[in-house]
$ cat coords_10.cif   # mmCIF, C-alpha atoms
data_my_file
loop_
_atom_site.label_atom_id
_atom_site.label_comp_id
_atom_site.auth_asym_id
_atom_site.auth_seq_id
_atom_site.Cartn_x
_atom_site.Cartn_y
_atom_site.Cartn_z
CA MET A 97 -40.18 -38.60 -20.00
CA ARG A 98 -37.94 -41.66 -20.21
CA ARG A 99 -40.06 -43.91 -17.96
CA THR A 100 -43.34 -43.07 -19.69
CA PHE A 101 -41.76 -43.52 -23.12
CA LEU A 102 -40.33 -46.94 -22.26
CA MET A 103 -43.76 -48.02 -20.98
CA LEU A 104 -45.27 -46.88 -24.28
CA LEU A 105 -42.70 -48.81 -26.29
CA ALA A 106 -43.21 -51.95 -24.21
CA LEU A 107 -46.96 -51.73 -24.77
CA VAL A 108 -46.54 -51.30 -28.53
CA ALA A 109 -43.78 -53.85 -29.04
CA GLY A 110 -45.54 -56.68 -27.25
CA PRO A 111 -44.01 -60.18 -27.16
CA LEU A 112 -41.65 -60.23 -30.13
CA ALA A 113 -39.33 -63.12 -30.85
CA ALA A 114 -36.59 -64.01 -28.41
CA ALA A 115 -34.01 -63.00 -31.02
CA GLU A 116 -35.46 -59.48 -31.31
CA GLU A 117 -33.18 -56.48 -31.68
CA ARG A 118 -34.02 -53.36 -29.73
CA ARG A 119 -32.90 -49.87 -30.69
CA ASN A 120 -33.11 -46.57 -28.82
CA MET A 121 -32.32 -43.12 -30.17
CA ARG A 122 -32.48 -39.63 -28.70
CA PHE A 123 -32.28 -36.30 -30.50
CA ASP A 124 -32.11 -32.69 -29.36
CA VAL A 125 -34.26 -30.36 -31.45
CA HIS A 126 -33.00 -26.82 -32.10
CA LEU A 127 -34.99 -24.08 -33.81
CA ILE A 128 -32.97 -21.12 -35.18
CA GLY A 129 -30.15 -22.23 -32.88
CA VAL A 130 -32.14 -22.60 -29.65
CA LYS A 131 -33.00 -25.97 -28.10
CA VAL A 132 -36.78 -26.28 -28.06
CA ALA A 133 -37.57 -29.99 -27.76
CA GLU A 134 -36.33 -33.54 -27.30
CA LEU A 135 -37.20 -36.55 -29.44
CA ALA A 136 -36.93 -40.12 -28.16
CA VAL A 137 -37.34 -43.07 -30.53
CA GLY A 138 -37.44 -46.73 -29.56
CA ALA A 139 -37.92 -49.79 -31.73
CA ALA A 140 -37.78 -53.55 -31.70
CA GLU A 141 -37.30 -55.94 -34.61
CA GLY A 142 -37.82 -59.68 -34.49
CA GLY A 143 -38.38 -62.16 -37.29
CA ALA A 144 -40.54 -60.43 -39.87
CA ARG A 145 -42.01 -57.88 -37.44
CA TYR A 146 -41.08 -54.45 -36.18
CA SER A 147 -42.50 -52.10 -33.57
CA ALA A 148 -41.50 -48.48 -33.08
CA ALA A 149 -42.59 -45.55 -30.94
CA ALA A 150 -41.54 -41.92 -30.60
CA ARG A 151 -42.18 -39.11 -28.18
CA LEU A 152 -41.54 -35.42 -28.87
CA VAL A 153 -41.87 -32.84 -26.07
CA THR A 154 -40.92 -29.19 -25.84
CA THR A 155 -38.36 -28.21 -23.21
CA GLY A 156 -37.20 -25.18 -21.24
CA LEU A 157 -38.50 -21.76 -22.22
CA ALA A 158 -40.07 -23.19 -25.38
CA ARG A 159 -42.32 -25.37 -23.22
CA ALA A 160 -43.48 -22.35 -21.24
CA LEU A 161 -44.39 -20.60 -24.48
CA LYS A 162 -45.90 -23.60 -26.28
CA ASP A 163 -46.41 -26.99 -24.66
CA LEU A 164 -46.19 -29.35 -27.64
CA ARG A 165 -46.43 -33.11 -27.15
CA ALA A 166 -46.54 -35.96 -29.63
CA ASP A 167 -46.69 -39.73 -29.06
CA VAL A 168 -46.76 -41.97 -32.12
CA ALA A 169 -46.37 -45.73 -32.40
CA VAL A 170 -46.61 -48.48 -35.01
CA THR A 171 -46.35 -52.22 -35.45
CA GLY A 172 -45.77 -53.80 -38.83
CA ARG A 173 -44.00 -56.32 -41.01
CA MET A 174 -40.54 -56.35 -42.58
CA SER A 175 -39.58 -57.87 -45.93
CA GLY A 176 -36.16 -57.49 -47.46
CA GLY A 177 -35.45 -54.51 -45.21
CA ALA A 178 -38.64 -52.68 -46.27
CA LEU A 179 -41.18 -51.76 -43.59
CA ALA A 180 -44.96 -52.05 -44.01
CA PRO A 181 -47.28 -50.84 -41.22
CA LEU A 182 -50.14 -52.88 -39.78
CA ARG A 183 -51.34 -50.68 -36.90
CA TYR A 184 -50.52 -47.02 -36.25
CA ARG A 185 -51.52 -44.80 -33.35
CA GLU A 186 -50.92 -41.13 -32.57
CA GLU A 187 -51.72 -38.70 -29.78
CA ILE A 188 -50.59 -35.21 -30.71
CA ASP A 189 -51.22 -31.81 -29.12
CA ASN A 190 -49.47 -29.03 -31.02
CA GLY A 191 -51.11 -26.18 -29.11
CA ARG A 192 -53.66 -25.57 -31.88
CA ARG A 193 -54.98 -29.05 -32.58
CA VAL A 194 -55.33 -32.29 -30.63
CA SER A 195 -55.26 -35.50 -32.68
CA ARG A 196 -56.00 -38.99 -31.40
CA LEU A 197 -56.09 -41.44 -34.28
CA GLN A 198 -55.67 -45.16 -34.93
CA VAL A 199 -55.13 -46.64 -38.39
CA GLN A 200 -55.14 -50.26 -39.54
CA TYR A 201 -53.33 -51.26 -42.71
CA ALA A 202 -53.77 -54.34 -44.89
CA GLY A 203 -52.47 -55.24 -48.31
CA GLY A 204 -50.22 -52.19 -48.35
CA ARG A 205 -52.99 -49.64 -47.80
CA PRO A 206 -54.95 -48.09 -44.88
CA VAL A 207 -58.26 -49.88 -44.45
CA ALA A 208 -59.76 -48.60 -41.17
CA VAL A 209 -59.47 -45.36 -39.21
CA SER A 210 -60.85 -44.47 -35.78
CA GLY A 211 -60.49 -41.54 -33.42
CA ASP A 212 -60.52 -37.78 -33.81
CA SER A 213 -58.10 -35.84 -36.04
CA GLY A 214 -58.98 -32.47 -34.54
CA SER A 215 -59.18 -31.06 -38.08
CA ASP A 216 -62.05 -29.26 -39.79
CA ALA A 217 -60.77 -30.25 -43.24
CA PRO A 218 -62.32 -33.23 -45.05
CA ALA A 219 -60.27 -36.40 -44.60
CA ALA A 220 -58.11 -37.66 -47.43
CA GLU A 221 -59.53 -40.54 -49.46
CA LYS A 222 -57.64 -43.60 -48.25
CA ALA A 223 -58.82 -46.18 -50.79
CA ALA A 224 -56.24 -45.25 -53.43
CA LEU A 225 -53.25 -44.98 -51.08
CA THR A 226 -51.47 -48.18 -52.10
CA GLY A 227 -48.03 -48.38 -50.53
CA ALA A 228 -48.79 -45.65 -48.00
CA LEU A 229 -46.67 -45.42 -44.86
CA ASP A 230 -47.64 -43.98 -41.51
CA PRO A 231 -45.59 -41.14 -39.97
CA MET A 232 -43.87 -43.40 -37.41
CA THR A 233 -42.75 -45.90 -40.04
CA VAL A 234 -41.37 -43.00 -42.09
CA LEU A 235 -39.48 -41.70 -39.07
CA TYR A 236 -38.03 -45.09 -38.19
CA THR A 237 -37.13 -45.82 -41.83
CA LEU A 238 -35.08 -42.63 -41.88
CA LEU A 239 -33.45 -42.81 -38.44
CA ARG A 240 -32.56 -46.49 -38.00
CA ASP A 241 -29.05 -47.83 -38.68
CA GLN A 242 -29.04 -49.31 -42.17
CA PRO A 243 -26.81 -50.33 -45.10
CA ALA A 244 -25.57 -47.53 -47.34
CA ALA A 245 -27.36 -49.13 -50.31
CA SER A 246 -30.78 -48.49 -48.72
CA LEU A 247 -30.21 -44.77 -48.11
CA CYS A 248 -31.90 -42.01 -50.13
CA THR A 249 -34.56 -44.34 -51.55
CA LEU A 250 -37.67 -43.19 -49.65
CA ASP A 251 -40.35 -41.98 -52.07
CA ALA A 252 -43.84 -42.81 -50.78
CA PRO A 253 -47.28 -41.51 -49.80
CA VAL A 254 -47.81 -40.86 -46.09
CA PHE A 255 -51.17 -41.22 -44.30
CA ASP A 256 -51.79 -40.44 -40.62
CA GLY A 257 -55.48 -41.34 -40.54
CA HIS A 258 -56.69 -38.01 -41.91
CA ARG A 259 -53.98 -36.31 -43.99
CA HIS A 260 -52.29 -37.53 -47.14
CA ALA A 261 -48.78 -36.25 -47.85
CA HIS A 262 -45.88 -37.41 -50.00
CA ILE A 263 -42.26 -37.69 -48.95
CA ASP A 264 -39.40 -37.82 -51.45
CA LEU A 265 -35.89 -38.07 -50.00
CA THR A 266 -34.00 -39.43 -53.00
CA ARG A 267 -31.37 -36.76 -53.72
CA THR A 268 -27.96 -38.01 -52.66
CA GLU A 269 -24.65 -36.37 -51.74
CA GLN A 270 -21.69 -38.53 -50.76
CA SER A 271 -18.31 -37.94 -49.19
CA PRO A 272 -15.92 -40.39 -47.49
CA GLY A 273 -17.81 -42.02 -44.61
CA GLN A 274 -20.88 -39.82 -45.01
CA VAL A 275 -24.09 -39.66 -47.03
CA THR A 276 -26.68 -36.88 -47.11
CA CYS A 277 -30.22 -37.54 -48.35
CA SER A 278 -32.41 -34.56 -49.19
CA GLY A 279 -35.84 -33.82 -50.62
CA GLU A 280 -39.24 -32.61 -49.51
CA TYR A 281 -42.44 -33.42 -47.66
CA ARG A 282 -45.43 -32.24 -49.66
CA ARG A 283 -49.03 -31.91 -48.45
CA VAL A 284 -51.59 -33.50 -50.80
CA SER A 285 -55.08 -33.70 -49.21
CA GLY A 286 -56.86 -33.73 -45.87
CA TYR A 287 -55.44 -30.28 -45.02
CA THR A 288 -57.18 -26.96 -44.49
CA ALA A 289 -56.98 -24.29 -47.19
CA LYS A 290 -54.43 -22.39 -45.09
CA GLU A 291 -52.26 -25.49 -44.67
CA ARG A 292 -52.41 -26.25 -48.40
CA ARG A 293 -51.09 -22.78 -49.21
CA GLU A 294 -47.88 -23.48 -47.30
CA LYS A 295 -44.87 -24.52 -49.32
CA ALA A 296 -43.52 -28.05 -49.33
CA ILE A 297 -41.22 -28.75 -46.38
CA THR A 298 -37.61 -29.20 -47.48
CA MET A 299 -35.44 -31.52 -45.42
CA SER A 300 -32.16 -33.41 -45.36
CA ILE A 301 -30.57 -36.15 -43.26
CA ASP A 302 -26.86 -36.74 -42.63
CA TYR A 303 -25.63 -40.30 -42.15
CA ALA A 304 -22.18 -41.31 -40.91
CA ALA A 305 -20.50 -44.69 -41.15
CA ARG A 306 -20.72 -46.82 -38.01
CA GLY A 307 -19.24 -50.27 -38.52
CA ASP A 308 -20.97 -51.92 -41.46
CA ALA A 309 -23.97 -49.58 -41.30
CA MET A 310 -24.83 -45.91 -41.72
CA ARG A 311 -26.25 -43.97 -38.78
CA ALA A 312 -28.46 -40.86 -38.91
CA THR A 313 -26.65 -38.10 -37.03
CA ARG A 314 -28.44 -34.91 -38.03
CA VAL A 315 -31.77 -33.94 -39.57
CA ARG A 316 -32.48 -30.48 -40.99
CA VAL A 317 -36.05 -29.34 -41.65
CA GLN A 318 -37.23 -25.96 -42.95
CA THR A 319 -40.28 -25.05 -40.84
CA ARG A 320 -42.59 -22.04 -40.92
CA TYR A 321 -40.65 -20.69 -37.92
CA GLY A 322 -37.21 -21.14 -39.47
CA PRO A 323 -34.66 -23.97 -39.78
CA ALA A 324 -35.02 -26.82 -37.30
CA VAL A 325 -32.11 -29.18 -36.62
CA LEU A 326 -32.30 -32.55 -34.88
CA THR A 327 -28.93 -33.65 -33.51
CA ARG A 328 -28.35 -37.17 -32.27
CA ARG A 329 -27.03 -37.51 -28.75
#

$ encode --input "coords_10.cif" --output "structure tokens"
Amino acid sequence: MRRTFLMLLALVAGPLAAAEERRNMRFDVHLIGVKVAELAVGAAEGGARYSAAARLVTTGLARALKDLRADVAVTGRMSGGALAPLRYREEIDNGRRVSRLQVQYAGGRPVAVSGDSGSDAPAAEKAALTGALDPMTVLYTLLRDQPAASLCTLDAPVFDGHRHAHIDLTRTEQSPGQVTCSGEYRRVSGYTAKERREKAITMSIDYAARGDAMRATRVRVQTRYGPAVLTRR
């Protein structure tokens, strides 16, 4: 997993500036207390650009029951700490659907989509999605080390090339050396009727002080199968 993931990140990152900063993160994923997957995230920042990639794979007995794989990657621009995607790519096989999509962004909105979403539902209308983020940019925004002042501020539309959702993680709880952001991920359009009937996904992220920054240490997500917890290694 590690070698293939690093090759993916190198391909996505490309030749950034010499002063680039590279970051690598790994999380264990537990579902109702049992480890079911591993998540690896890598990113590079240089000048006004960022690149990030993630790979999620099931492990152990969970893999024998359901072989889930997801590779997502993005390149984009940074301004004042905010991230704006330029190119997003995903290859996802969740056991029921295979998605291979590429999205180009310009002027803060998705402008071109190619590939196959693997969905029978009509695609979301992308023209009105000003300020939309791709799933990888959302993930990196939440998991990267960052100043405390930038936490619990994510409230944006999300577009993966077919589906439009909205994420709102603006509720804040603070204690000495720790911050918890919580909220929900809500499906909007581009989903099947069955998917639209599902409730919004509630989630929270714990951050702990590390030097002058805050670091994501644990993510909790309420899934259809029960509570999932991502714990940083």

$ residues_around --input "coords_10.cif" --residues "Arg196 of chain A" --least-positions-apart "3" --cutoff "9 Å" --atoms "all atoms listed in the file" --output "JSON, numbers by chain"
{"A": [185, 186, 187, 188, 189, 210, 211, 212, 213, 214]}

$ resolve_selection --input "coords_10.cif" --expression "the PyMOL selection byres ((chain A and resi 131-140) around 7)" --output "MDAnalysis selection string"
chainID A and resid 105 109 116:127 129:130 141:142 146:156 158

$ resolve_selection --input "coords_10.cif" --expression "the PyMOL selection byres ((chain A and resi 254) around 9)" --output "ChimeraX atom specification"
/A:225,227-231,234,252-253,255-256,259-263

$ closest_residue --input "coords_10.cif" --among "A:Glu221, A:Pro243, A:Pro323, A:Thr226" --to "Val284 of chain A" --atoms "only C-alpha atoms"
A:Glu221

$ residues_around --input "coords_10.cif" --residues "Thr233 of chain A" --least-positions-apart "4" --cutoff "8 Å" --atoms "all atoms listed in the file" --output "list of chain:residue names"
A:Ala148, A:Val170, A:Leu179, A:Ala180, A:Pro181, A:Leu229, A:Thr237

$ write_last_selection --input "coords_10.cif" --atoms "C-alpha atoms" --output "short mmCIF file (atom, residue, chain, number, x, y, z; two decimals), in the coordinates of the input"
data_model
loop_
_atom_site.label_atom_id
_atom_site.label_comp_id
_atom_site.auth_asym_id
_atom_site.auth_seq_id
_atom_site.Cartn_x
_atom_site.Cartn_y
_atom_site.Cartn_z
CA ALA A 148 -41.50 -48.48 -33.08
CA VAL A 170 -46.61 -48.48 -35.01
CA LEU A 179 -41.18 -51.76 -43.59
CA ALA A 180 -44.96 -52.05 -44.01
CA PRO A 181 -47.28 -50.84 -41.22
CA LEU A 229 -46.67 -45.42 -44.86
CA THR A 237 -37.13 -45.82 -41.83
#

$ closest_residue --input "coords_10.cif" --among "A:His258, A:Arg306, A:Arg267, A:Arg320" --to "Arg293 of chain A" --atoms "all atoms listed in the file"
A:Arg320

$ resolve_selection --input "coords_10.cif" --expression "the PyMOL selection byres ((chain A and resi 271-274) around 12)" --output "list in words"
Ala244, Leu247, Thr268, Glu269, Gln270, Val275, Thr276, Cys277, Ile301, Asp302, Tyr303, Ala304, Ala305, Arg306, Gly307, Asp308, Ala309, Met310, Arg311, Ala312, Thr313 and Arg314 of chain A

$ closest_residue --input "coords_10.cif" --among "A:Tyr281, A:Tyr201, A:Tyr321, A:Tyr184" --to "Ala296 of chain A" --atoms "all atoms listed in the file"
A:Tyr281

$ atom_distance --input "coords_10.cif" --atom1 "atom CA of Gln198 of chain A" --atom2 "atom CA of Met232 of chain A"
12.2 Å

$ closest_residue --input "coords_10.cif" --among "A:Leu250, A:Ser278, A:Val194, A:Ala208" --to "Tyr236 of chain A" --atoms "all atoms listed in the file"
A:Leu250

$ atom_distance --input "coords_10.cif" --atom1 "atom CA of Ser300 of chain A" --atom2 "atom CA of Tyr287 of chain A"
23.5 Å

$ atom_distance --input "coords_10.cif" --atom1 "atom CA of Gly286 of chain A" --atom2 "atom CA of Asp264 of chain A"
18.8 Å

$ closest_residue --input "coords_10.cif" --among "A:Ala224, A:Val315, A:Ala217, A:Leu235" --to "Arg292 of chain A" --atoms "all atoms listed in the file"
A:Ala217

$ closest_residue --input "coords_10.cif" --among "A:Ile128, A:Met174, A:Ala324, A:Ala166" --to "Ser195 of chain A" --atoms "all atoms listed in the file"
A:Ala166

$ axis_aligned_box --input "coords_10.cif" --around "segment 315-328 of chain A" --padding-each-side "5 Å" --output "lines of an AutoDock Vina configuration file"
center_x = -35.5
center_y = -28.9
center_z = -37.6
size_x = 24.2
size_y = 26.5
size_z = 20.7

$ build_atoms --input "coords_10.cif" --residues "segment 274-300 of chain A" --atoms "N, CA and C atoms" --output "PDB file, in the frame of the given file"
ATOM      1  N   GLN A 274     -19.653 -40.565 -45.288  1.00  0.00           N
ATOM      2  CA  GLN A 274     -20.880 -39.820 -45.010  1.00  0.00           C
ATOM      3  C   GLN A 274     -21.769 -39.763 -46.235  1.00  0.00           C
ATOM      4  N   VAL A 275     -23.084 -39.796 -45.984  1.00  0.00           N
ATOM      5  CA  VAL A 275     -24.090 -39.660 -47.030  1.00  0.00           C
ATOM      6  C   VAL A 275     -25.153 -38.680 -46.544  1.00  0.00           C
ATOM      7  N   THR A 276     -25.588 -37.793 -47.416  1.00  0.00           N
ATOM      8  CA  THR A 276     -26.680 -36.880 -47.110  1.00  0.00           C
ATOM      9  C   THR A 276     -27.825 -37.121 -48.082  1.00  0.00           C
ATOM     10  N   CYS A 277     -29.014 -37.388 -47.535  1.00  0.00           N
ATOM     11  CA  CYS A 277     -30.220 -37.540 -48.350  1.00  0.00           C
ATOM     12  C   CYS A 277     -31.056 -36.284 -48.182  1.00  0.00           C
ATOM     13  N   SER A 278     -31.608 -35.772 -49.271  1.00  0.00           N
ATOM     14  CA  SER A 278     -32.410 -34.560 -49.190  1.00  0.00           C
ATOM     15  C   SER A 278     -33.625 -34.663 -50.103  1.00  0.00           C
ATOM     16  N   GLY A 279     -34.607 -33.824 -49.826  1.00  0.00           N
ATOM     17  CA  GLY A 279     -35.840 -33.820 -50.620  1.00  0.00           C
ATOM     18  C   GLY A 279     -36.889 -32.985 -49.943  1.00  0.00           C
ATOM     19  N   GLU A 280     -38.158 -33.417 -50.048  1.00  0.00           N
ATOM     20  CA  GLU A 280     -39.240 -32.610 -49.510  1.00  0.00           C
ATOM     21  C   GLU A 280     -40.412 -33.459 -49.037  1.00  0.00           C
ATOM     22  N   TYR A 281     -41.195 -32.847 -48.172  1.00  0.00           N
ATOM     23  CA  TYR A 281     -42.440 -33.420 -47.660  1.00  0.00           C
ATOM     24  C   TYR A 281     -43.553 -32.506 -48.154  1.00  0.00           C
ATOM     25  N   ARG A 282     -44.429 -33.050 -48.983  1.00  0.00           N
ATOM     26  CA  ARG A 282     -45.430 -32.240 -49.660  1.00  0.00           C
ATOM     27  C   ARG A 282     -46.846 -32.633 -49.238  1.00  0.00           C
ATOM     28  N   ARG A 283     -47.640 -31.659 -48.820  1.00  0.00           N
ATOM     29  CA  ARG A 283     -49.030 -31.910 -48.450  1.00  0.00           C
ATOM     30  C   ARG A 283     -49.866 -32.166 -49.699  1.00  0.00           C
ATOM     31  N   VAL A 284     -50.776 -33.156 -49.641  1.00  0.00           N
ATOM     32  CA  VAL A 284     -51.590 -33.500 -50.800  1.00  0.00           C
ATOM     33  C   VAL A 284     -53.072 -33.242 -50.526  1.00  0.00           C
ATOM     34  N   SER A 285     -53.653 -33.879 -49.512  1.00  0.00           N
ATOM     35  CA  SER A 285     -55.080 -33.700 -49.210  1.00  0.00           C
ATOM     36  C   SER A 285     -55.330 -33.969 -47.736  1.00  0.00           C
ATOM     37  N   GLY A 286     -56.520 -33.582 -47.280  1.00  0.00           N
ATOM     38  CA  GLY A 286     -56.860 -33.730 -45.870  1.00  0.00           C
ATOM     39  C   GLY A 286     -56.407 -32.538 -45.036  1.00  0.00           C
ATOM     40  N   TYR A 287     -55.935 -31.485 -45.697  1.00  0.00           N
ATOM     41  CA  TYR A 287     -55.440 -30.280 -45.020  1.00  0.00           C
ATOM     42  C   TYR A 287     -56.423 -29.130 -45.218  1.00  0.00           C
ATOM     43  N   THR A 288     -56.368 -28.151 -44.333  1.00  0.00           N
ATOM     44  CA  THR A 288     -57.180 -26.960 -44.490  1.00  0.00           C
ATOM     45  C   THR A 288     -56.625 -26.116 -45.638  1.00  0.00           C
ATOM     46  N   ALA A 289     -57.428 -25.159 -46.096  1.00  0.00           N
ATOM     47  CA  ALA A 289     -56.980 -24.290 -47.190  1.00  0.00           C
ATOM     48  C   ALA A 289     -55.710 -23.537 -46.799  1.00  0.00           C
ATOM     49  N   LYS A 290     -55.619 -23.099 -45.550  1.00  0.00           N
ATOM     50  CA  LYS A 290     -54.430 -22.390 -45.090  1.00  0.00           C
ATOM     51  C   LYS A 290     -53.217 -23.307 -45.115  1.00  0.00           C
ATOM     52  N   GLU A 291     -53.385 -24.554 -44.668  1.00  0.00           N
ATOM     53  CA  GLU A 291     -52.260 -25.490 -44.670  1.00  0.00           C
ATOM     54  C   GLU A 291     -51.813 -25.821 -46.092  1.00  0.00           C
ATOM     55  N   ARG A 292     -52.768 -25.929 -47.019  1.00  0.00           N
ATOM     56  CA  ARG A 292     -52.410 -26.250 -48.400  1.00  0.00           C
ATOM     57  C   ARG A 292     -51.641 -25.133 -49.085  1.00  0.00           C
ATOM     58  N   ARG A 293     -51.817 -23.900 -48.614  1.00  0.00           N
ATOM     59  CA  ARG A 293     -51.090 -22.780 -49.210  1.00  0.00           C
ATOM     60  C   ARG A 293     -49.630 -22.745 -48.795  1.00  0.00           C
ATOM     61  N   GLU A 294     -49.275 -23.471 -47.745  1.00  0.00           N
ATOM     62  CA  GLU A 294     -47.880 -23.480 -47.300  1.00  0.00           C
ATOM     63  C   GLU A 294     -47.026 -24.281 -48.273  1.00  0.00           C
ATOM     64  N   LYS A 295     -45.785 -23.864 -48.404  1.00  0.00           N
ATOM     65  CA  LYS A 295     -44.870 -24.520 -49.320  1.00  0.00           C
ATOM     66  C   LYS A 295     -44.515 -25.918 -48.814  1.00  0.00           C
ATOM     67  N   ALA A 296     -44.012 -26.738 -49.731  1.00  0.00           N
ATOM     68  CA  ALA A 296     -43.520 -28.050 -49.330  1.00  0.00           C
ATOM     69  C   ALA A 296     -42.374 -27.879 -48.333  1.00  0.00           C
ATOM     70  N   ILE A 297     -42.256 -28.813 -47.410  1.00  0.00           N
ATOM     71  CA  ILE A 297     -41.220 -28.750 -46.380  1.00  0.00           C
ATOM     72  C   ILE A 297     -39.955 -29.401 -46.922  1.00  0.00           C
ATOM     73  N   THR A 298     -38.888 -28.639 -47.038  1.00  0.00           N
ATOM     74  CA  THR A 298     -37.610 -29.200 -47.480  1.00  0.00           C
ATOM     75  C   THR A 298     -36.872 -29.779 -46.283  1.00  0.00           C
ATOM     76  N   MET A 299     -36.142 -30.865 -46.507  1.00  0.00           N
ATOM     77  CA  MET A 299     -35.440 -31.520 -45.420  1.00  0.00           C
ATOM     78  C   MET A 299     -34.243 -32.305 -45.928  1.00  0.00           C
ATOM     79  N   SER A 300     -33.320 -32.590 -45.017  1.00  0.00           N
ATOM     80  CA  SER A 300     -32.160 -33.410 -45.360  1.00  0.00           C
ATOM     81  C   SER A 300     -31.715 -34.176 -44.121  1.00  0.00           C
TER      82      SER A 300
END
